$ cat model-v8.cif   # mmCIF, C-alpha atoms
data_work
#
loop_
_atom_site.group_PDB
_atom_site.id
_atom_site.type_symbol
_atom_site.label_atom_id
_atom_site.label_comp_id
_atom_site.auth_asym_id
_atom_site.auth_seq_id
_atom_site.Cartn_x
_atom_site.Cartn_y
_atom_site.Cartn_z
ATOM 1 C CA MET O 143 122.713 96.015 122.248
ATOM 2 C CA LYS O 144 122.002 92.328 122.851
ATOM 3 C CA LEU O 145 118.571 91.093 123.865
ATOM 4 C CA GLY O 146 120.169 89.306 126.803
ATOM 5 C CA SER O 147 121.186 92.670 128.288
ATOM 6 C CA LEU O 148 117.497 93.569 128.723
ATOM 7 C CA ILE O 149 116.384 90.212 130.152
ATOM 8 C CA GLN O 150 118.055 89.234 133.376
ATOM 9 C CA LYS O 151 118.706 85.539 133.879
ATOM 10 C CA GLU O 152 116.714 85.761 137.136
ATOM 11 C CA TYR O 153 113.652 86.720 135.081
ATOM 12 C CA ILE O 154 113.763 83.574 132.943
ATOM 13 C CA LEU O 155 111.460 80.821 134.229
ATOM 14 C CA THR O 156 111.538 77.285 132.888
ATOM 15 C CA GLY O 157 109.643 74.040 133.328
ATOM 16 C CA ASP O 158 106.018 72.973 133.415
ATOM 17 C CA LYS O 159 104.915 74.335 136.796
ATOM 18 C CA TYR O 160 102.471 76.788 135.190
ATOM 19 C CA ALA O 161 99.245 75.527 133.659
ATOM 20 C CA SER O 162 98.326 78.755 131.836
ATOM 21 C CA VAL O 163 99.768 81.958 130.430
ATOM 22 C CA MET O 164 98.364 83.998 133.320
ATOM 23 C CA GLU O 165 99.884 81.668 135.926
ATOM 24 C CA ALA O 166 103.304 82.315 134.416
ATOM 25 C CA VAL O 167 102.560 86.042 134.209
ATOM 26 C CA ASP O 168 101.532 86.085 137.895
ATOM 27 C CA ALA O 169 104.817 84.430 138.833
ATOM 28 C CA LEU O 170 106.809 86.982 136.816
ATOM 29 C CA ILE O 171 104.901 89.931 138.292
ATOM 30 C CA LYS O 172 105.650 88.682 141.812
ATOM 31 C CA LEU O 173 109.299 88.202 140.865
ATOM 32 C CA PHE O 174 109.466 91.742 139.452
ATOM 33 C CA SER O 175 107.875 93.217 142.582
ATOM 34 C CA LYS O 176 110.495 91.597 144.822
ATOM 35 C CA LYS O 177 113.437 92.944 142.852
ATOM 36 C CA GLU O 178 112.159 96.223 141.333
ATOM 37 C CA LYS O 179 110.470 99.348 142.630
ATOM 38 C CA LEU O 180 107.165 99.467 140.785
ATOM 39 C CA PRO O 181 104.770 102.460 140.945
ATOM 40 C CA VAL O 182 101.625 100.317 141.379
ATOM 41 C CA SER O 183 100.671 97.192 143.295
ATOM 42 C CA VAL O 184 100.929 93.614 142.060
ATOM 43 C CA GLU O 185 97.114 93.471 141.971
ATOM 44 C CA LYS O 186 96.917 96.588 139.807
ATOM 45 C CA ILE O 187 99.481 95.192 137.362
ATOM 46 C CA LYS O 188 97.476 91.961 137.068
ATOM 47 C CA GLU O 189 94.361 94.023 136.394
ATOM 48 C CA ILE O 190 96.128 95.981 133.635
ATOM 49 C CA VAL O 191 97.476 92.802 132.016
ATOM 50 C CA LEU O 192 94.089 91.070 132.148
ATOM 51 C CA GLU O 193 92.445 94.109 130.580
ATOM 52 C CA ARG O 194 94.876 93.923 127.661
ATOM 53 C CA GLU O 195 94.463 90.135 127.420
ATOM 54 C CA SER O 196 90.691 90.611 127.093
ATOM 55 C CA LEU O 197 91.333 92.343 123.758
ATOM 56 C CA GLY O 198 92.981 89.122 122.488
ATOM 57 C CA GLY O 199 95.822 88.660 120.053
ATOM 58 C CA THR O 200 98.814 88.214 122.379
ATOM 59 C CA VAL O 201 99.592 84.638 121.278
ATOM 60 C CA LEU O 202 101.208 84.782 117.861
ATOM 61 C CA PRO O 203 102.382 82.161 115.371
ATOM 62 C CA PRO O 204 104.489 80.078 115.478
ATOM 63 C CA GLY O 205 103.962 79.841 119.269
ATOM 64 C CA ILE O 206 105.069 82.940 121.161
ATOM 65 C CA ALA O 207 102.889 84.641 123.776
ATOM 66 C CA ILE O 208 103.548 88.332 124.425
ATOM 67 C CA PRO O 209 101.304 89.460 127.304
ATOM 68 C CA HIS O 210 102.132 92.936 128.516
ATOM 69 C CA GLY O 211 101.105 95.798 130.738
ATOM 70 C CA ARG O 212 101.543 99.547 130.280
ATOM 71 C CA ILE O 213 101.817 101.351 133.596
ATOM 72 C CA ASP O 214 101.431 105.033 134.469
ATOM 73 C CA GLY O 215 104.543 106.449 136.084
ATOM 74 C CA TYR O 216 106.884 103.687 134.925
ATOM 75 C CA GLU O 217 109.379 104.929 132.352
ATOM 76 C CA ASP O 218 111.526 101.802 132.024
ATOM 77 C CA ILE O 219 110.983 98.349 130.544
ATOM 78 C CA LEU O 220 110.969 95.011 132.344
ATOM 79 C CA ILE O 221 111.000 91.743 130.428
ATOM 80 C CA GLY O 222 110.422 88.300 131.847
ATOM 81 C CA MET O 223 110.385 84.995 130.057
ATOM 82 C CA TRP O 224 108.911 81.547 130.556
ATOM 83 C CA VAL O 225 109.953 78.551 128.484
ATOM 84 C CA PRO O 226 108.093 75.331 129.347
ATOM 85 C CA SER O 227 109.460 71.867 128.747
ATOM 86 C CA LYS O 228 106.702 71.142 126.253
ATOM 87 C CA THR O 229 104.182 73.151 124.252
ATOM 88 C CA LEU O 230 101.308 74.678 126.238
ATOM 89 C CA GLU O 231 97.923 74.512 124.519
ATOM 90 C CA THR O 232 95.730 77.619 124.989
ATOM 91 C CA ASP O 233 92.489 78.985 123.518
ATOM 92 C CA GLN O 234 94.532 81.500 121.516
ATOM 93 C CA GLY O 235 96.939 78.902 120.167
ATOM 94 C CA ASP O 236 99.951 76.819 121.181
ATOM 95 C CA VAL O 237 102.569 78.534 123.357
ATOM 96 C CA LYS O 238 106.209 77.460 123.225
ATOM 97 C CA VAL O 239 107.727 80.667 124.634
ATOM 98 C CA LEU O 240 106.222 83.454 126.742
ATOM 99 C CA MET O 241 107.732 86.954 126.833
ATOM 100 C CA PHE O 242 106.129 89.265 129.405
ATOM 101 C CA PHE O 243 106.631 93.038 129.239
ATOM 102 C CA LEU O 244 106.022 95.836 131.706
ATOM 103 C CA THR O 245 106.562 99.302 130.285
ATOM 104 C CA SER O 246 105.194 102.846 130.323
ATOM 105 C CA LYS O 247 101.883 103.980 128.861
ATOM 106 C CA ALA O 248 103.710 105.349 125.842
ATOM 107 C CA GLY O 249 106.171 102.444 125.735
ATOM 108 C CA SER O 250 109.881 102.832 126.396
ATOM 109 C CA SER O 251 112.284 103.549 123.541
ATOM 110 C CA PHE O 252 113.245 99.860 123.589
ATOM 111 C CA TYR O 253 109.740 98.424 123.440
ATOM 112 C CA LEU O 254 109.076 98.340 119.692
ATOM 113 C CA PRO O 255 112.700 97.516 118.789
ATOM 114 C CA VAL O 256 112.521 94.519 121.144
ATOM 115 C CA LEU O 257 109.232 93.385 119.589
ATOM 116 C CA SER O 258 110.827 93.699 116.170
ATOM 117 C CA SER O 259 113.783 91.615 117.308
ATOM 118 C CA LEU O 260 111.450 88.959 118.672
ATOM 119 C CA GLY O 261 109.781 88.748 115.282
ATOM 120 C CA LYS O 262 113.151 88.268 113.628
ATOM 121 C CA TYR O 263 114.613 85.663 115.991
ATOM 122 C CA PHE O 264 111.513 83.936 117.380
ATOM 123 C CA GLY O 265 109.519 83.793 114.157
ATOM 124 C CA LYS O 266 110.520 80.229 113.290
ATOM 125 C CA GLU O 267 108.867 77.261 114.945
ATOM 126 C CA GLU O 268 112.028 75.159 114.844
ATOM 127 C CA PHE O 269 113.864 77.815 116.872
ATOM 128 C CA LEU O 270 111.107 77.918 119.487
ATOM 129 C CA ASP O 271 111.170 74.123 119.672
ATOM 130 C CA SER O 272 114.911 74.249 120.285
ATOM 131 C CA LEU O 273 114.346 76.322 123.444
ATOM 132 C CA LEU O 274 111.898 73.899 125.050
ATOM 133 C CA GLY O 275 113.478 72.197 128.046
ATOM 134 C CA LEU O 276 116.598 74.404 128.191
ATOM 135 C CA SER O 277 117.870 75.870 131.463
ATOM 136 C CA ALA O 278 117.648 79.582 132.256
ATOM 137 C CA GLN O 279 121.390 79.919 131.713
ATOM 138 C CA GLN O 280 121.243 78.219 128.315
ATOM 139 C CA ILE O 281 118.356 80.457 127.246
ATOM 140 C CA HIS O 282 120.158 83.593 128.476
ATOM 141 C CA ASP O 283 123.243 82.571 126.519
ATOM 142 C CA GLU O 284 121.050 82.305 123.431
ATOM 143 C CA LEU O 285 119.570 85.776 124.063
ATOM 144 C CA ASN O 286 123.077 87.197 124.241
ATOM 145 C CA THR O 287 123.581 86.296 120.577
ATOM 146 C CA MET O 288 120.575 88.391 119.479
ATOM 147 C CA GLN O 289 121.096 91.986 118.380
ATOM 148 C CA ILE O 290 118.302 94.515 119.031
ATOM 149 C CA LYS O 291 117.489 96.779 116.104
ATOM 150 C CA LYS O 292 117.784 100.484 116.812
ATOM 151 C CA GLU O 293 115.081 101.586 114.382
ATOM 152 C CA ILE O 294 111.617 100.346 113.506
ATOM 153 C CA THR O 295 110.699 100.424 109.820
ATOM 154 C CA ILE O 296 107.880 99.318 107.555
ATOM 155 C CA GLU O 297 109.589 95.946 107.106
ATOM 156 C CA ASP O 298 109.005 95.201 110.795
ATOM 157 C CA ILE O 299 105.212 95.502 110.600
ATOM 158 C CA MET O 300 104.336 94.731 106.971
ATOM 159 C CA THR O 301 102.646 91.577 105.732
ATOM 160 C CA PRO O 302 105.209 89.890 103.450
ATOM 161 C CA ASP O 303 104.271 88.234 100.151
ATOM 162 C CA PRO O 304 100.811 89.835 99.977
ATOM 163 C CA ILE O 305 97.919 88.632 97.851
ATOM 164 C CA SER O 306 98.062 90.049 94.332
ATOM 165 C CA CYS O 307 96.456 89.451 90.944
ATOM 166 C CA THR O 308 97.373 89.959 87.293
ATOM 167 C CA LYS O 309 95.638 91.945 84.587
ATOM 168 C CA GLN O 310 94.432 88.591 83.173
ATOM 169 C CA THR O 311 92.636 87.664 86.386
ATOM 170 C CA THR O 312 88.882 87.459 85.814
ATOM 171 C CA LEU O 313 86.434 89.479 87.886
ATOM 172 C CA ALA O 314 85.035 86.195 89.188
ATOM 173 C CA GLN O 315 88.482 85.245 90.485
ATOM 174 C CA LEU O 316 88.964 88.768 91.835
ATOM 175 C CA SER O 317 85.657 88.631 93.715
ATOM 176 C CA ASP O 318 86.702 85.306 95.229
ATOM 177 C CA LEU O 319 89.999 86.825 96.426
ATOM 178 C CA PHE O 320 88.230 89.783 98.022
ATOM 179 C CA TYR O 321 85.750 87.454 99.697
ATOM 180 C CA GLN O 322 87.975 84.570 100.771
ATOM 181 C CA LYS O 323 90.923 86.680 101.931
ATOM 182 C CA ASP O 324 88.785 89.442 103.496
ATOM 183 C CA LEU O 325 90.484 92.129 101.409
ATOM 184 C CA SER O 326 89.349 95.434 99.928
ATOM 185 C CA TYR O 327 92.506 96.355 97.953
ATOM 186 C CA ILE O 328 94.668 94.145 95.736
ATOM 187 C CA PRO O 329 97.762 95.186 93.767
ATOM 188 C CA VAL O 330 98.035 94.085 90.148
ATOM 189 C CA VAL O 331 101.452 92.698 89.156
ATOM 190 C CA ASP O 332 103.132 91.471 85.995
ATOM 191 C CA GLU O 333 105.009 88.215 85.465
ATOM 192 C CA ASN O 334 108.039 89.660 87.332
ATOM 193 C CA ASN O 335 105.977 90.692 90.363
ATOM 194 C CA VAL O 336 106.336 94.356 89.401
ATOM 195 C CA GLN O 337 103.233 96.310 90.370
ATOM 196 C CA ILE O 338 101.465 97.682 87.291
ATOM 197 C CA GLY O 339 98.127 98.640 88.825
ATOM 198 C CA GLU O 340 95.688 98.312 91.682
ATOM 199 C CA VAL O 341 92.064 97.345 92.115
ATOM 200 C CA THR O 342 89.577 97.772 94.943
ATOM 201 C CA ILE O 343 86.141 96.452 95.815
ATOM 202 C CA LYS O 344 84.784 99.861 94.782
ATOM 203 C CA ASP O 345 86.240 99.359 91.297
ATOM 204 C CA LEU O 346 84.488 95.986 91.124
ATOM 205 C CA PHE O 347 81.178 97.504 92.271
ATOM 206 C CA SER O 348 81.516 100.335 89.773
ATOM 207 C CA LYS O 349 81.840 97.837 86.920
ATOM 208 C CA GLY O 350 78.544 96.322 88.046
ATOM 209 C CA ILE O 351 76.634 99.586 87.734
ATOM 210 C CA PRO O 352 75.651 100.385 84.123
ATOM 211 C CA ASP O 353 76.173 103.926 82.814
ATOM 212 C CA TYR O 354 72.426 104.560 82.561
ATOM 213 C CA VAL O 355 72.057 103.892 86.281
ATOM 214 C CA LYS O 356 74.950 106.233 87.124
ATOM 215 C CA ARG O 357 73.188 108.980 85.141
ATOM 216 C CA LEU O 358 69.979 108.595 87.110
ATOM 217 C CA GLY O 359 71.280 110.326 90.214
ATOM 218 C CA ASP O 360 68.500 109.210 92.561
ATOM 219 C CA VAL O 361 68.385 105.404 92.546
ATOM 220 C CA SER O 362 66.439 104.930 95.765
ATOM 221 C CA PHE O 363 63.543 103.462 93.776
ATOM 222 C CA LEU O 364 65.681 100.512 92.613
ATOM 223 C CA LYS O 365 64.761 97.681 94.977
ATOM 224 C CA THR O 366 66.245 94.792 92.967
ATOM 225 C CA LEU O 367 69.771 93.791 91.975
ATOM 226 C CA GLU O 368 68.950 94.018 88.280
ATOM 227 C CA PRO O 369 71.829 96.452 87.508
ATOM 228 C CA PHE O 370 74.296 93.862 88.868
ATOM 229 C CA GLU O 371 72.956 91.037 86.714
ATOM 230 C CA ALA O 372 75.172 91.843 83.729
ATOM 231 C CA LEU O 373 78.276 91.708 85.923
ATOM 232 C CA LEU O 374 77.240 88.366 87.402
ATOM 233 C CA ARG O 375 76.647 86.977 83.909
ATOM 234 C CA GLU O 376 79.943 88.250 82.535
ATOM 235 C CA GLU O 377 82.314 88.025 85.533
ATOM 236 C CA ASP O 378 84.053 84.948 84.108
ATOM 237 C CA ARG O 379 84.842 86.859 80.901
ATOM 238 C CA ILE O 380 85.730 90.368 82.090
ATOM 239 C CA LEU O 381 89.395 90.791 83.057
ATOM 240 C CA VAL O 382 91.000 92.925 85.753
ATOM 241 C CA GLN O 383 92.731 94.995 83.078
ATOM 242 C CA GLU O 384 89.328 96.535 82.276
ATOM 243 C CA ILE O 385 88.846 97.987 85.757
ATOM 244 C CA MET O 386 92.330 98.397 87.262
ATOM 245 C CA ARG O 387 93.893 101.809 87.879
ATOM 246 C CA PRO O 388 97.557 102.883 87.824
ATOM 247 C CA PRO O 389 99.370 102.434 91.164
ATOM 248 C CA SER O 390 98.608 105.411 93.391
ATOM 249 C CA ARG O 391 100.744 104.672 96.464
ATOM 250 C CA LYS O 392 103.851 102.841 97.595
ATOM 251 C CA ILE O 393 106.387 102.755 100.396
ATOM 252 C CA ALA O 394 109.835 101.197 100.814
ATOM 253 C CA LYS O 395 110.750 98.461 103.307
ATOM 254 C CA GLY O 396 113.026 100.939 105.016
ATOM 255 C CA GLY O 397 110.348 103.631 105.174
ATOM 256 C CA SER O 398 109.184 104.970 108.514
ATOM 257 C CA ILE O 399 105.909 104.038 110.156
ATOM 258 C CA ILE O 400 105.081 107.729 110.537
ATOM 259 C CA GLU O 401 105.478 108.092 106.763
ATOM 260 C CA ALA O 402 102.846 105.376 106.317
ATOM 261 C CA VAL O 403 100.555 107.017 108.880
ATOM 262 C CA MET O 404 100.803 110.318 107.002
ATOM 263 C CA MET O 405 99.858 108.614 103.729
ATOM 264 C CA ILE O 406 96.897 106.888 105.374
ATOM 265 C CA THR O 407 95.592 110.033 107.057
ATOM 266 C CA THR O 408 96.228 112.566 104.289
ATOM 267 C CA LYS O 409 95.468 110.455 101.209
ATOM 268 C CA GLY O 410 92.585 108.487 102.683
ATOM 269 C CA VAL O 411 94.088 105.097 101.831
ATOM 270 C CA ARG O 412 93.926 101.997 104.014
ATOM 271 C CA HIS O 413 96.583 99.809 102.368
ATOM 272 C CA ILE O 414 100.035 100.675 101.043
ATOM 273 C CA PRO O 415 102.076 98.306 98.840
ATOM 274 C CA VAL O 416 105.692 97.864 99.919
ATOM 275 C CA ILE O 417 107.979 98.057 96.895
ATOM 276 C CA GLU O 418 111.632 97.029 96.732
ATOM 277 C CA ASP O 419 113.573 97.201 93.433
ATOM 278 C CA LYS O 420 110.227 97.860 91.695
ATOM 279 C CA LYS O 421 108.825 94.549 92.978
ATOM 280 C CA LEU O 422 105.945 93.993 95.391
ATOM 281 C CA VAL O 423 107.385 92.537 98.597
ATOM 282 C CA GLY O 424 104.777 93.405 101.213
ATOM 283 C CA MET O 425 101.685 95.291 102.285
ATOM 284 C CA VAL O 426 101.156 97.598 105.252
ATOM 285 C CA SER O 427 97.693 98.620 106.383
ATOM 286 C CA GLU O 428 96.082 100.839 108.965
ATOM 287 C CA THR O 429 95.229 97.649 110.872
ATOM 288 C CA ASP O 430 98.902 96.630 110.953
ATOM 289 C CA ILE O 431 99.767 99.946 112.579
ATOM 290 C CA LEU O 432 96.916 99.633 115.077
ATOM 291 C CA LYS O 433 97.747 96.052 116.071
ATOM 292 C CA LYS O 434 101.530 96.108 115.831
ATOM 293 C CA VAL O 435 102.253 99.622 117.097
ATOM 294 C CA LEU O 436 99.389 101.221 119.054
ATOM 295 C CA ARG O 437 98.251 97.940 120.620
ATOM 296 C CA ALA O 438 101.457 95.946 120.287
#
$ encode --input "model-v8.cif" --output "structure tokens"
Amino acid sequence: MKLGSLIQKEYILTGDKYASVMEAVDALIKLFSKKEKLPVSVEKIKEIVLERESLGGTVLPPGIAIPHGRIDGYEDILIGMWVPSKTLETDQGDVKVLMFFLTSKAGSSFYLPVLSSLGKYFGKEEFLDSLLGLSAQQIHDELNTMQIKKEITIEDIMTPDPISCTKQTTLAQLSDLFYQKDLSYIPVVDENNVQIGEVTIKDLFSKGIPDYVKRLGDVSFLKTLEPFEALLREEDRILVQEIMRPPSRKIAKGGSIIEAVMMITTKGVRHIPVIEDKKLVGMVSETDILKKVLRA
């Protein structure tokens, strides 16, 4: 199925007559209400969309806004589009293309496949720039060249080219990665990007606690950071190979999202390396599933 078959030409707005994302959304909602039988009022739809917008995160790089509303009693999917003549600056980031969705509470069977297709086709800034200033017919013609995927896999939600380290990385460098990249899990790879281990913040902390402290049991009396001092003195010398563990989890690019959810819930992990031909190609986390599936 082509993306153009789900987006009617009449639901493609162009030009600079809207000064904000919500102005364009309002126009699309009114257009929908004139042509479609919706189970709730225009005002209620606006309220639902604004509630979702208040959570943030609907303007994504490299410049696509994806506001949406999930409506009780509506089992279909409606998609509208606005392409301005020039980039719209917003608090969430620059907007070159807006795709507005109305769907059911659970999301129609097309919802996630369409989002996946948007990521594939609209993920390049030069493509978005090429749409600016086009007519509705020209844009619809472009949409008719885009195939919608039938299945959603790990590849559609993973973070590609994730942060990794080697066994020769120092604990000082590792600490910097955890801190600067806001991570808690990092895969360890060899010179061919094959995963050979993994390391977590807990592993780093454990290295900082001497054996005599671990044997104490009750350490509530320790009010200083003295046990950590040795780690801080030696962190430029100690290598990751001293604290890393063998890989304990992995998933393929073509794996299912439910497979990842089962690993997260049954194994108590938060991050899963994505492995293809033995090489690390991505990372999927519980946050990816929350943001890109449950709150997509």
$ residues_near_point --input "model-v8.cif" --point "(112.0, 87.6, 116.0)" --cutoff "12 Å" --atoms "only C-alpha atoms" --output "VMD selection string"
chain O and resid 145 202 to 206 208 239 241 254 to 267 269 to 270 285 288 to 291 298 to 299
$ resolve_selection --input "model-v8.cif" --expression "the PyMOL selection byres ((chain O and resi 274) around 8)" --output "ChimeraX atom specification"
/O:225-229,238-239,270-273,275-276
$ axis_aligned_box --input "model-v8.cif" --around "region 415-428 of chain O" --padding-each-side "8 Å" --output "lines of an AutoDock Vina configuration file"
center_x = 104.8
center_y = 96.7
center_z = 100.3
size_x = 33.5
size_y = 24.3
size_z = 33.3
$ resolve_selection --input "model-v8.cif" --expression "the PyMOL selection byres ((chain O and resi 307) around 10)" --output "MDAnalysis selection string"
chainID O and resid 305:306 308:312 315:316 319 328:332 335 337 339:341 382
$ atom_distance --input "model-v8.cif" --atom1 "CA of Gln234 (chain O)" --atom2 "CA of Ile154 (chain O)"
22.5 Å
$ closest_residue --input "model-v8.cif" --among "O:Thr342, O:Ser277, O:Ser175, O:Gln383" --to "Phe320 (chain O)" --atoms "only C-alpha atoms"
O:Thr342
$ atom_distance --input "model-v8.cif" --atom1 "CA of Met164 (chain O)" --atom2 "CA of Ser246 (chain O)"
20.3 Å
$ atom_distance --input "model-v8.cif" --atom1 "CA of Ser317 (chain O)" --atom2 "CA of Pro388 (chain O)"
19.5 Å
$ resolve_selection --input "model-v8.cif" --expression "the PyMOL selection byres ((chain O and resi 209-222) around 10)" --output "ChimeraX atom specification"
/O:148-155,163-164,166-167,169-171,173-174,178-182,186-195,198-201,206-208,223-224,240-253,256,438
$ residues_near_point --input "model-v8.cif" --point "(99.0, 106.1, 106.8)" --cutoff "9 Å" --atoms "all atoms listed in the file" --output "mmCIF file with C-alpha atoms, in the frame of the given file"
data_model
loop_
_atom_site.group_PDB
_atom_site.id
_atom_site.type_symbol
_atom_site.label_atom_id
_atom_site.label_comp_id
_atom_site.auth_asym_id
_atom_site.auth_seq_id
_atom_site.Cartn_x
_atom_site.Cartn_y
_atom_site.Cartn_z
ATOM 1 C CA ILE O 399 105.909 104.038 110.156
ATOM 2 C CA ILE O 400 105.081 107.729 110.537
ATOM 3 C CA GLU O 401 105.478 108.092 106.763
ATOM 4 C CA ALA O 402 102.846 105.376 106.317
ATOM 5 C CA VAL O 403 100.555 107.017 108.880
ATOM 6 C CA MET O 404 100.803 110.318 107.002
ATOM 7 C CA MET O 405 99.858 108.614 103.729
ATOM 8 C CA ILE O 406 96.897 106.888 105.374
ATOM 9 C CA THR O 407 95.592 110.033 107.057
ATOM 10 C CA THR O 408 96.228 112.566 104.289
ATOM 11 C CA LYS O 409 95.468 110.455 101.209
ATOM 12 C CA GLY O 410 92.585 108.487 102.683
ATOM 13 C CA VAL O 411 94.088 105.097 101.831
ATOM 14 C CA ARG O 412 93.926 101.997 104.014
ATOM 15 C CA HIS O 413 96.583 99.809 102.368
ATOM 16 C CA ILE O 414 100.035 100.675 101.043
ATOM 17 C CA VAL O 426 101.156 97.598 105.252
ATOM 18 C CA SER O 427 97.693 98.620 106.383
ATOM 19 C CA GLU O 428 96.082 100.839 108.965
ATOM 20 C CA ILE O 431 99.767 99.946 112.579
#
$ decode --input "model-v8.cif" --residues "region 169-200 of chain O" --atoms "C-alpha atoms" --output "PDB file, in the first residue's frame"
ATOM      1  CA  ALA O 169      -7.543  23.850  10.190  1.00  0.00           C
ATOM      2  CA  LEU O 170      -7.126  20.110   9.571  1.00  0.00           C
ATOM      3  CA  ILE O 171      -9.574  19.179  12.337  1.00  0.00           C
ATOM      4  CA  LYS O 172     -12.198  21.489  10.823  1.00  0.00           C
ATOM      5  CA  LEU O 173     -11.521  20.006   7.390  1.00  0.00           C
ATOM      6  CA  PHE O 174     -11.898  16.469   8.771  1.00  0.00           C
ATOM      7  CA  SER O 175     -15.173  17.346  10.507  1.00  0.00           C
ATOM      8  CA  LYS O 176     -16.690  18.632   7.260  1.00  0.00           C
ATOM      9  CA  LYS O 177     -15.865  15.501   5.292  1.00  0.00           C
ATOM     10  CA  GLU O 178     -15.880  12.693   7.900  1.00  0.00           C
ATOM     11  CA  LYS O 179     -18.272  11.454  10.554  1.00  0.00           C
ATOM     12  CA  LEU O 180     -16.351  11.815  13.796  1.00  0.00           C
ATOM     13  CA  PRO O 181     -17.604  10.440  17.152  1.00  0.00           C
ATOM     14  CA  VAL O 182     -16.687  13.584  19.137  1.00  0.00           C
ATOM     15  CA  SER O 183     -16.863  17.328  18.591  1.00  0.00           C
ATOM     16  CA  VAL O 184     -14.170  19.519  17.061  1.00  0.00           C
ATOM     17  CA  GLU O 185     -13.630  21.091  20.498  1.00  0.00           C
ATOM     18  CA  LYS O 186     -13.112  17.693  22.117  1.00  0.00           C
ATOM     19  CA  ILE O 187     -10.581  16.684  19.456  1.00  0.00           C
ATOM     20  CA  LYS O 188      -8.643  19.917  20.041  1.00  0.00           C
ATOM     21  CA  GLU O 189      -8.661  19.186  23.766  1.00  0.00           C
ATOM     22  CA  ILE O 190      -7.294  15.669  23.188  1.00  0.00           C
ATOM     23  CA  VAL O 191      -4.557  16.939  20.856  1.00  0.00           C
ATOM     24  CA  LEU O 192      -3.535  19.712  23.254  1.00  0.00           C
ATOM     25  CA  GLU O 193      -3.358  17.216  26.106  1.00  0.00           C
ATOM     26  CA  ARG O 194      -0.944  15.077  24.091  1.00  0.00           C
ATOM     27  CA  GLU O 195       1.034  18.154  22.996  1.00  0.00           C
ATOM     28  CA  SER O 196       1.499  19.106  26.661  1.00  0.00           C
ATOM     29  CA  LEU O 197       3.594  15.948  27.078  1.00  0.00           C
ATOM     30  CA  GLY O 198       6.012  17.292  24.422  1.00  0.00           C
ATOM     31  CA  GLY O 199       8.080  15.434  21.876  1.00  0.00           C
ATOM     32  CA  THR O 200       5.915  15.676  18.743  1.00  0.00           C
TER      33      THR O 200
END
